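Q: Could you have a look at this structure, given as structure tokens, before my questions?
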Amino acid sequence: MQMIDYKGWKCIRLANKQVELIVTRDVGPRIIRFGFIGGPNVFAEFEDQMGGRGESEWMIRGGHRLWIAPEAAPWSYEPDNEPYAGAEAIPNGVRTVQTPGPLTGLEKQMEITLDPEQNTATVRHTLTNRRDTPVRCSVWSPSVMGPGGQMILPLPAKVPHTECLLPTQNWSLWSYTVLNDPRFTFGRDYIFFRQDPARGPNKIGLMHREGWAAYQREEVLFVKYFDYVDDAEYPDGNVNFECFSNEAMLEVESLGPMVSLQKDESASRTEVWKIFAPVARCESEEDVERWVKPLV
């Protein structure tokens, strides 16, 4: 763990021989960078917000964050524009603790570790209720991916209707969801969602049991692994995965079950990230089977 300056902020850097993670200290925290040393950041960085602090409104900034679902304003948009006190070294990583905000009363904690030998990071997200009254919420983990790439999401295996009579998928659509958007390709086994700087907001959500989603940008493939809990209730129409895109970025988001937290109770969930390069850009489902499936 190193203390460094990164684009106007004091930050924490974790690195092995190939990849690095950078975590902001002056704001957030955000995991503002994940990438190969000397290579591109898989996450978006909003250049007009880099190095900023003290703003009166919540700032997206880019990178990966811990958020609170279901989404509501101002609840989810509580500003995190000041330095946070809690940051301590743990084996192979760092634990960050953000002081509970006056709106939510929820303390946010991330335990961030980087494998010493592999291009694998693990992020454990925890919400703790520090208010006197119960809070019903979900642990939400959005990753703001850099522009120009595409999400690749596997769909459940196909089973003949004579063997499976009940539905195996649950989708959520928003008021601004447009399914004939050319950024989407709905294939037999995969969904593609491409980021396009000429197109505005669109979003889909799914109950996702396959356990992974990927984002491909240039020749770098970012893979996010996350769990599904049987019989749990999830937010936003009972979905545990969402993908949002606009002119500037694309978010790959996983969500935890809805929980009711009493005072000082916590809820946690873990994501595992991997990155690979070089990986040829996938233009078809056959390309995914050939180049991505063996890696994930």
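Letters for chains follow the order of the structure tokens (A, B, ...), residue numbers begin at 1 for each chain, and ligand numbers begin at 1 in the order shown.
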Give me, as a Markdown table, the closest atom pair and its distance (Å, one decimal) for every residue of region 31-56 of chain A within a cut-off of 12 Å of region 259-274 of chain A, counting only C-alpha atoms, rows sorted by chain and rising number.

A:
```
| residue | atom | partner | partner_atom | distance |
| --- | --- | --- | --- | --- |
| A:Phe34 | CA | A:Trp273 | CA | 9.5 |
| A:Gly35 | CA | A:Lys274 | CA | 9.8 |
| A:Phe36 | CA | A:Lys274 | CA | 11.0 |
| A:Val42 | CA | A:Lys274 | CA | 11.0 |
```

Q: Save out the residues we just selected, N, CA and C atoms, as a PDB file, in the first residue's frame.

A:
```
ATOM      1  N   PHE A  34      -8.508   1.073 -12.014  1.00  0.00           N
ATOM      2  CA  PHE A  34      -8.122  -0.330 -12.021  1.00  0.00           C
ATOM      3  C   PHE A  34      -7.634  -0.622 -13.432  1.00  0.00           C
ATOM      4  N   GLY A  35      -6.398  -1.051 -13.550  1.00  0.00           N
ATOM      5  CA  GLY A  35      -5.868  -1.305 -14.878  1.00  0.00           C
ATOM      6  C   GLY A  35      -4.469  -1.863 -14.830  1.00  0.00           C
ATOM      7  N   PHE A  36      -3.976  -2.244 -15.981  1.00  0.00           N
ATOM      8  CA  PHE A  36      -2.596  -2.689 -16.090  1.00  0.00           C
ATOM      9  C   PHE A  36      -1.666  -1.490 -15.897  1.00  0.00           C
ATOM     10  N   VAL A  42      -9.776   0.949 -16.773  1.00  0.00           N
ATOM     11  CA  VAL A  42     -11.037   0.365 -17.228  1.00  0.00           C
ATOM     12  C   VAL A  42     -12.217   1.223 -16.794  1.00  0.00           C
TER      13      VAL A  42
END
```

Q: With a distance cut-off of 12 Å and only C-alpha atoms, select the neighbouring residues of Glu107 (chain A), excluding the residue or stretch itself and same-chain residues fewer than 3 positions from it, and output the selection as number ranges by chain.

A: A: 66-68, 78, 80, 84-86, 96-104, 110, 125-131, 135, 139, 261, 263-268

Q: Identify which of the residues A:Arg194, A:His208, A:Lys203, A:Arg188 lies closest to Tyr176 (chain A), counting only C-alpha atoms when measuring atom-to-atom distances.

A: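 Closest residue, counting only C-alpha atoms: A:Lys203.
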
Q: For the structure I just gave you, how does DSSP split region 24-87 of chain A - specifically, which residues are strand (DSSP E)? Reply as a PyMOL selection string.

A: chain A and resi 24+31-36+63-64+67-69+86-87

Q: Between CA of Pro278 (chain A) and CA of Gln18 (chain A), what is the spacing in Å?

A: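 Separation of CA of Gln18 (chain A) and CA of Pro278 (chain A): 13.2 Å.
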
Q: Counting only C-alpha atoms, which of A:Leu21, A:Ile275, A:Ala232, A:Cys137 gets nearest to Ile112 (chain A)?

A: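 Among the listed residues, the smallest separation from Ile112 (chain A) belongs to A:Leu21.
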
Q: If we count only C-alpha atoms and set the cut-off at 7 Å, which residues sit around region 290-296 of chain A, ignoring sequence neighbours fewer than 3 positions away in its own chain? Please answer as a PyMOL selection string.

A: chain A and resi 279+286-287

Q: Could you give me, as a list of chain:residue names, the residues within 8 Å of Glu285 (chain A), counting only C-alpha atoms and dropping anything in the same chain fewer than 2 positions from it?

A: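 Those residues are A:Gly187, A:Asp189, A:Tyr190, A:Cys282, A:Glu283, A:Asp287, A:Val288, A:Glu289.
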
Q: Could you please determine the separation between CA of Glu210 (chain A) and CA of Arg30 (chain A) in Å, to one decimal place?

A: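 Computing it gives 26.7 Å between the two atoms.
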
Q: Calculate how many Å separate CA of Arg65 (chain A) from CA of Asn92 (chain A), rounding to one decimal.

A: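 About the pair CA of Arg65 (chain A) and CA of Asn92 (chain A): they are 19.7 Å apart.
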
Q: Determine, counting only C-alpha atoms, which protein, DNA and RNA residues have an atom within 12 Å of an atom of Trp174 (chain A); residues of the same chain fewer than 5 positions away are not included. Present the result as a list in words.

A: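 Near Trp174 (chain A), the qualifying residues are Leu179, Pro201, Asn202, Lys203, Ile204, Gly205, Leu206, Asp236, Gly237, Glu242, Cys243 and Phe244 of chain A.
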
Q: Write a file of the selected residues as a PDB file, in the first residue's frame, keeping C-alpha atoms.

A:
```
ATOM      1  CA  LEU A 179     -35.334  -1.835 -26.215  1.00  0.00           C
ATOM      2  CA  PRO A 201     -29.683   7.401 -20.854  1.00  0.00           C
ATOM      3  CA  ASN A 202     -30.921   3.841 -21.190  1.00  0.00           C
ATOM      4  CA  LYS A 203     -31.071   1.057 -18.614  1.00  0.00           C
ATOM      5  CA  ILE A 204     -32.050  -2.569 -18.075  1.00  0.00           C
ATOM      6  CA  GLY A 205     -32.137  -4.783 -14.998  1.00  0.00           C
ATOM      7  CA  LEU A 206     -32.154  -8.570 -14.645  1.00  0.00           C
ATOM      8  CA  ASP A 236     -36.033  -2.516  -8.380  1.00  0.00           C
ATOM      9  CA  GLY A 237     -38.542  -5.203  -9.247  1.00  0.00           C
ATOM     10  CA  GLU A 242     -28.396  -3.481 -13.683  1.00  0.00           C
ATOM     11  CA  CYS A 243     -26.677  -1.727 -16.557  1.00  0.00           C
ATOM     12  CA  PHE A 244     -27.042   2.001 -17.280  1.00  0.00           C
TER      13      PHE A 244
END
```

Q: For region 44-49 of chain A, find every residue with an atom within 10 Å (counting only C-alpha atoms), except residues of its own chain fewer than 3 positions away, and show them as JSON, numbers by chain.

A: {"A": [7, 8, 32, 33, 41, 52, 53, 55, 59, 60, 61, 62, 63, 64, 143, 144, 145, 146, 147, 248, 249, 250, 251]}

Q: Selection from above, N, CA and C atoms, as a PDB file, in the first residue's frame, can you write it?

A:
```pdb
ATOM      1  N   LYS A   7      -3.994  12.894  -9.849  1.00  0.00           N
ATOM      2  CA  LYS A   7      -4.881  13.854 -10.509  1.00  0.00           C
ATOM      3  C   LYS A   7      -5.542  14.816  -9.533  1.00  0.00           C
ATOM      4  N   GLY A   8      -4.735  15.309  -8.597  1.00  0.00           N
ATOM      5  CA  GLY A   8      -5.211  16.325  -7.672  1.00  0.00           C
ATOM      6  C   GLY A   8      -5.706  15.821  -6.343  1.00  0.00           C
ATOM      7  N   ILE A  32     -10.868   4.703  -8.031  1.00  0.00           N
ATOM      8  CA  ILE A  32     -10.907   5.557  -9.208  1.00  0.00           C
ATOM      9  C   ILE A  32     -10.175   4.946 -10.396  1.00  0.00           C
ATOM     10  N   ARG A  33      -9.268   3.985 -10.128  1.00  0.00           N
ATOM     11  CA  ARG A  33      -8.542   3.356 -11.231  1.00  0.00           C
ATOM     12  C   ARG A  33      -8.342   1.870 -10.964  1.00  0.00           C
ATOM     13  N   ASN A  41      -7.155   2.955 -17.940  1.00  0.00           N
ATOM     14  CA  ASN A  41      -8.056   2.702 -16.827  1.00  0.00           C
ATOM     15  C   ASN A  41      -9.327   2.057 -17.372  1.00  0.00           C
ATOM     16  N   GLY A  52     -11.355  17.613  -7.507  1.00  0.00           N
ATOM     17  CA  GLY A  52     -12.315  18.484  -6.826  1.00  0.00           C
ATOM     18  C   GLY A  52     -12.674  17.974  -5.439  1.00  0.00           C
ATOM     19  N   ARG A  53     -13.170  18.873  -4.624  1.00  0.00           N
ATOM     20  CA  ARG A  53     -13.618  18.521  -3.270  1.00  0.00           C
ATOM     21  C   ARG A  53     -14.464  19.653  -2.727  1.00  0.00           C
ATOM     22  N   GLU A  55     -17.668  20.167  -2.892  1.00  0.00           N
ATOM     23  CA  GLU A  55     -18.864  20.584  -3.623  1.00  0.00           C
ATOM     24  C   GLU A  55     -20.117  20.358  -2.764  1.00  0.00           C
ATOM     25  N   MET A  59     -21.160  14.193  -6.540  1.00  0.00           N
ATOM     26  CA  MET A  59     -20.417  14.158  -7.799  1.00  0.00           C
ATOM     27  C   MET A  59     -20.128  12.708  -8.164  1.00  0.00           C
ATOM     28  N   ILE A  60     -20.355  12.363  -9.433  1.00  0.00           N
ATOM     29  CA  ILE A  60     -20.141  10.979  -9.842  1.00  0.00           C
ATOM     30  C   ILE A  60     -18.658  10.631  -9.911  1.00  0.00           C
ATOM     31  N   ARG A  61     -17.824  11.542 -10.424  1.00  0.00           N
ATOM     32  CA  ARG A  61     -16.369  11.443 -10.520  1.00  0.00           C
ATOM     33  C   ARG A  61     -15.893  10.292 -11.407  1.00  0.00           C
ATOM     34  N   GLY A  62     -16.522   9.129 -11.357  1.00  0.00           N
ATOM     35  CA  GLY A  62     -16.071   7.946 -12.079  1.00  0.00           C
ATOM     36  C   GLY A  62     -15.679   6.855 -11.111  1.00  0.00           C
ATOM     37  N   GLY A  63     -14.988   5.828 -11.627  1.00  0.00           N
ATOM     38  CA  GLY A  63     -14.514   4.753 -10.765  1.00  0.00           C
ATOM     39  C   GLY A  63     -15.639   3.877 -10.237  1.00  0.00           C
ATOM     40  N   HIS A  64     -15.365   3.216  -9.122  1.00  0.00           N
ATOM     41  CA  HIS A  64     -16.297   2.294  -8.483  1.00  0.00           C
ATOM     42  C   HIS A  64     -16.661   2.842  -7.114  1.00  0.00           C
ATOM     43  N   SER A 143     -20.052   0.176 -10.909  1.00  0.00           N
ATOM     44  CA  SER A 143     -18.747   0.453 -11.507  1.00  0.00           C
ATOM     45  C   SER A 143     -18.973   1.306 -12.751  1.00  0.00           C
ATOM     46  N   VAL A 144     -18.368   2.489 -12.775  1.00  0.00           N
ATOM     47  CA  VAL A 144     -18.542   3.428 -13.884  1.00  0.00           C
ATOM     48  C   VAL A 144     -17.439   3.143 -14.901  1.00  0.00           C
ATOM     49  N   MET A 145     -17.815   2.509 -16.004  1.00  0.00           N
ATOM     50  CA  MET A 145     -16.833   2.055 -16.974  1.00  0.00           C
ATOM     51  C   MET A 145     -16.524   3.145 -17.998  1.00  0.00           C
ATOM     52  N   GLY A 146     -15.295   3.114 -18.501  1.00  0.00           N
ATOM     53  CA  GLY A 146     -14.837   4.118 -19.440  1.00  0.00           C
ATOM     54  C   GLY A 146     -15.593   4.077 -20.757  1.00  0.00           C
ATOM     55  N   PRO A 147     -15.599   5.188 -21.495  1.00  0.00           N
ATOM     56  CA  PRO A 147     -16.383   5.283 -22.730  1.00  0.00           C
ATOM     57  C   PRO A 147     -15.822   4.410 -23.848  1.00  0.00           C
ATOM     58  N   ALA A 248     -21.597   9.605 -21.588  1.00  0.00           N
ATOM     59  CA  ALA A 248     -20.255   9.680 -21.012  1.00  0.00           C
ATOM     60  C   ALA A 248     -19.697   8.353 -20.534  1.00  0.00           C
ATOM     61  N   MET A 249     -20.548   7.382 -20.224  1.00  0.00           N
ATOM     62  CA  MET A 249     -20.048   6.168 -19.570  1.00  0.00           C
ATOM     63  C   MET A 249     -21.082   5.073 -19.636  1.00  0.00           C
ATOM     64  N   LEU A 250     -20.714   3.913 -19.090  1.00  0.00           N
ATOM     65  CA  LEU A 250     -21.634   2.789 -18.904  1.00  0.00           C
ATOM     66  C   LEU A 250     -21.379   2.209 -17.519  1.00  0.00           C
ATOM     67  N   GLU A 251     -22.455   2.000 -16.748  1.00  0.00           N
ATOM     68  CA  GLU A 251     -22.313   1.440 -15.398  1.00  0.00           C
ATOM     69  C   GLU A 251     -22.677  -0.040 -15.389  1.00  0.00           C
TER      70      GLU A 251
END
```

Q: May I have the residues within 8 Å of Glu111 (chain A) as a short mmCIF file (atom, residue, chain, number, x, y, z; two decimals) with C-alpha atoms, in the first residue's frame, using only C-alpha atoms and disregarding those fewer than 2 positions away in the same chain?

A:
```cif
data_model
loop_
_atom_site.label_atom_id
_atom_site.label_comp_id
_atom_site.auth_asym_id
_atom_site.auth_seq_id
_atom_site.Cartn_x
_atom_site.Cartn_y
_atom_site.Cartn_z
CA GLY A 93 -5.14 -4.29 0.79
CA VAL A 94 -6.94 -1.54 2.63
CA ARG A 95 -10.16 -1.05 4.58
CA THR A 96 -11.93 2.28 4.04
CA GLN A 109 -17.10 0.35 4.41
CA THR A 113 -7.62 -6.41 -1.67
CA THR A 122 -11.77 -8.49 -4.20
CA VAL A 123 -14.07 -5.78 -2.84
CA ARG A 124 -16.25 -6.46 0.19
CA HIS A 125 -18.96 -3.79 0.59
#
```

Q: Using only C-alpha atoms, which of the listed residues (A:Ala214, A:Leu165, A:Ala69, A:Met3) sits closest to Val252 (chain A)?

A: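 Among the listed residues, A:Ala214 lies closest to Val252 (chain A).
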
Q: Check region 91-250 of chain A with DSSP on the backbone and list each residue it calls alpha helix (DSSP H), as a VMD selection string.

A: chain A and resid 235 to 238

Q: If you keep C-alpha atoms, can you produce a file of those selected residues as a PDB file, in the first residue's frame?

A:
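The resulting file, out38.pdb, is shown below:
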```pdb
ATOM      1  CA  PRO A 235     -34.694  -4.095  -5.185  1.00  0.00           C
ATOM      2  CA  ASP A 236     -36.033  -2.516  -8.380  1.00  0.00           C
ATOM      3  CA  GLY A 237     -38.542  -5.203  -9.247  1.00  0.00           C
ATOM      4  CA  ASN A 238     -36.439  -8.029  -7.809  1.00  0.00           C
TER       5      ASN A 238
END
```

Q: Considering only C-alpha atoms, state which residue in the set A:Met151, A:Pro160, A:Ile12, A:Gly211 is at the smallest distance from Phe184 (chain A).

A: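 Using only C-alpha atoms, the shortest distance to Phe184 (chain A) belongs to A:Met151.
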
Q: Which of these, A:Glu253, A:Glu57, A:Asp230, A:Glu82, has the shortest distance to Trp9 (chain A) once you count only C-alpha atoms?

A: A:Glu82
